[in-house]
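Here is the structure we will look at, set down as structure tokens.
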Amino acid sequence: MFKNKVTELLDAALVERPDLFLIDFSINNENHIKVIIDGDSGVLVEDCMFISRAIEHNLDREEEDFSLEVMSAGAASPLVHNRQYKKNLNRTLKVKTKTEEMEGTLVEATEIEVVLEWKVREPKPVGKGKVTVKKEGRIPYEDIVEAKVMIKF
């Protein structure tokens, strides 16, 4: 019953703010509510406060004792929602599939796949030496086991 009420409040808040989307949501046995959100343009502290207030202000602490934690998906967290790929265009991703691991620049994110580009040094077709070649990989979302944004300094 409590979880259903919290779920309804969370869903209503996300409908009100369509630029935000849910990454993870859980309630443990001690009624600790944990909500992880992301946004098409990132997440500000004010966004977390909006979701927190939408839940907390509509629950009665006299009825149910609870704690609430609302946070954004961390920079090093794996991408779990297709919308996260679109917001990370032109950033370097490390993608693991069932058969291989690759790192490249995310150049496209469609409804069914992502497209990575990377450069590699290969032997010249004729003569000695190497030449830099641009490669492209198309990876369907269903094949992705894990994808992370590589943070460069």
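Here's how to read the names in the structure tokens: chain A, B, ... by the order shown, residue numbers from 1 in each chain, ligand numbers from 1 in the order shown.
Neighbouring residues of stretch 49-63 of chain A at 8 Å or closer, counting only C-alpha atoms and skipping chain neighbours under 6 positions away, are Val6, Leu9, Leu10, Ala13, Leu14, Glu69 and Val70 of chain A.
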Can I get the selected residues back with N, CA and C atoms, as a PDB file, in the first residue's frame?
ATOM      1  N   VAL A   6       3.622   5.854  -2.964  1.00  0.00           N
ATOM      2  CA  VAL A   6       4.864   6.530  -3.356  1.00  0.00           C
ATOM      3  C   VAL A   6       5.050   6.454  -4.873  1.00  0.00           C
ATOM      4  N   LEU A   9       2.791   8.983  -6.559  1.00  0.00           N
ATOM      5  CA  LEU A   9       3.311  10.346  -6.385  1.00  0.00           C
ATOM      6  C   LEU A   9       4.516  10.598  -7.289  1.00  0.00           C
ATOM      7  N   LEU A  10       5.397   9.610  -7.385  1.00  0.00           N
ATOM      8  CA  LEU A  10       6.574   9.727  -8.242  1.00  0.00           C
ATOM      9  C   LEU A  10       6.164   9.823  -9.705  1.00  0.00           C
ATOM     10  N   ALA A  13       4.770  13.247 -10.468  1.00  0.00           N
ATOM     11  CA  ALA A  13       5.824  14.263 -10.545  1.00  0.00           C
ATOM     12  C   ALA A  13       6.564  14.177 -11.872  1.00  0.00           C
ATOM     13  N   LEU A  14       6.820  12.951 -12.349  1.00  0.00           N
ATOM     14  CA  LEU A  14       7.536  12.780 -13.620  1.00  0.00           C
ATOM     15  C   LEU A  14       6.666  13.176 -14.812  1.00  0.00           C
ATOM     16  N   GLU A  69      15.412   9.683  -0.135  1.00  0.00           N
ATOM     17  CA  GLU A  69      16.675  10.085  -0.761  1.00  0.00           C
ATOM     18  C   GLU A  69      16.422  10.196  -2.268  1.00  0.00           C
ATOM     19  N   VAL A  70      16.611  11.397  -2.809  1.00  0.00           N
ATOM     20  CA  VAL A  70      16.457  11.626  -4.252  1.00  0.00           C
ATOM     21  C   VAL A  70      17.789  12.121  -4.768  1.00  0.00           C
TER      22      VAL A  70
END
**Study point:** Distance query stretch 91-93 of chain A at most 9 Å, only C-alpha atoms, self and fewer than 3 positions along chain excluded, as a PyMOL selection string
**Key:** chain A and resi 88+102-107+116+147-152
Point to revise | Filtered DSSP result for stretch 9-124 of chain A, state alpha helix (DSSP H), as a PyMOL selection string | key: chain A and resi 9-16+45-56+82-87
Would you output that residue set with N, CA and C atoms, as a compact mmCIF listing (two decimals), in the first residue's frame?
# COMPACT_ATOMS: atom_id res chain seq x y z
N LEU A 9 2.79 8.98 -6.56
CA LEU A 9 3.31 10.35 -6.39
C LEU A 9 4.52 10.60 -7.29
N LEU A 10 5.40 9.61 -7.38
CA LEU A 10 6.57 9.73 -8.24
C LEU A 10 6.16 9.82 -9.71
N ASP A 11 5.25 8.96 -10.12
CA ASP A 11 4.77 8.98 -11.51
C ASP A 11 4.14 10.34 -11.85
N ALA A 12 3.34 10.87 -10.93
CA ALA A 12 2.69 12.16 -11.16
C ALA A 12 3.73 13.28 -11.30
N ALA A 13 4.77 13.25 -10.47
CA ALA A 13 5.82 14.26 -10.54
C ALA A 13 6.56 14.18 -11.87
N LEU A 14 6.82 12.95 -12.35
CA LEU A 14 7.54 12.78 -13.62
C LEU A 14 6.67 13.18 -14.81
N VAL A 15 5.35 13.02 -14.70
CA VAL A 15 4.45 13.48 -15.76
C VAL A 15 4.48 15.01 -15.82
N GLU A 16 4.54 15.63 -14.65
CA GLU A 16 4.61 17.09 -14.58
C GLU A 16 5.92 17.63 -15.13
N VAL A 45 20.08 20.43 -8.63
CA VAL A 45 19.63 20.22 -7.25
C VAL A 45 18.14 20.54 -7.15
N GLU A 46 17.70 21.56 -7.86
CA GLU A 46 16.29 21.95 -7.84
C GLU A 46 15.39 20.84 -8.38
N ASP A 47 15.88 20.07 -9.35
CA ASP A 47 15.11 18.95 -9.89
C ASP A 47 14.92 17.87 -8.83
N CYS A 48 15.98 17.58 -8.10
CA CYS A 48 15.90 16.59 -7.01
C CYS A 48 14.95 17.09 -5.92
N MET A 49 15.01 18.38 -5.63
CA MET A 49 14.12 18.97 -4.62
C MET A 49 12.67 18.88 -5.08
N PHE A 50 12.41 19.10 -6.35
CA PHE A 50 11.05 19.01 -6.89
C PHE A 50 10.48 17.62 -6.68
N ILE A 51 11.25 16.58 -7.04
CA ILE A 51 10.79 15.19 -6.88
C ILE A 51 10.62 14.87 -5.40
N SER A 52 11.56 15.30 -4.59
CA SER A 52 11.50 15.04 -3.15
C SER A 52 10.24 15.65 -2.54
N ARG A 53 9.97 16.90 -2.86
CA ARG A 53 8.79 17.57 -2.31
C ARG A 53 7.50 16.94 -2.81
N ALA A 54 7.49 16.53 -4.09
CA ALA A 54 6.29 15.91 -4.65
C ALA A 54 5.92 14.64 -3.90
N ILE A 55 6.91 13.95 -3.39
CA ILE A 55 6.66 12.72 -2.62
C ILE A 55 6.42 13.06 -1.15
N GLU A 56 7.38 13.73 -0.56
CA GLU A 56 7.36 13.96 0.89
C GLU A 56 6.15 14.77 1.36
N ASN A 82 17.50 4.45 -22.58
CA ASN A 82 17.82 4.91 -23.94
C ASN A 82 17.95 6.43 -24.03
N ARG A 83 17.18 7.17 -23.24
CA ARG A 83 17.26 8.63 -23.26
C ARG A 83 18.62 9.13 -22.80
N GLN A 84 19.33 8.35 -21.99
CA GLN A 84 20.65 8.77 -21.52
C GLN A 84 21.66 8.79 -22.67
N TYR A 85 21.49 7.93 -23.66
CA TYR A 85 22.41 7.91 -24.79
C TYR A 85 22.26 9.20 -25.59
N LYS A 86 21.02 9.63 -25.83
CA LYS A 86 20.79 10.84 -26.62
C LYS A 86 21.42 12.06 -25.98
N LYS A 87 21.40 12.12 -24.65
CA LYS A 87 21.96 13.30 -23.98
C LYS A 87 23.49 13.25 -23.94
Practice item. Between A:Ser41, A:Asp19, A:Ala76, A:Lys134, single out the one closest to A:Leu89, counting only C-alpha atoms. Key: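 Ranking A:Ser41, A:Asp19, A:Ala76, A:Lys134 by distance to A:Leu89, first place goes to A:Ser41.
Closest to A:Glu111 among A:Gly42, A:Gly74, A:Pro140, A:Gly129 is A:Pro140, based on only C-alpha atoms.
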Practice item. For atom CA of A:Lys98 and atom CA of A:Val35, determine how far apart the two atoms are, in Å to one decimal place. Key: 28.9 Å
Practice item. For stretch 25-27 of chain A, list every protein, DNA or RNA residue within 12 Å, evaluated using only C-alpha atoms, and leave out those in the same chain fewer than 2 positions away; present the list as an MDAnalysis selection string. Key: chainID A and resid 1:7 10:11 21:23 29:37 66:73
Exercise for review: Determine which residues of chain A DSSP labels as strand (DSSP E) from the backbone of this structure, then write them out as a PyMOL selection string.
Suggested key: chain A and resi 20-27+32-39+67-72+92-97+101-109+113-123+130-140+144-149
Check your understanding: Which distance in Å separates atom CA of A:Lys96 and atom CA of A:Glu146, to one decimal?
Key -> 5.2 Å
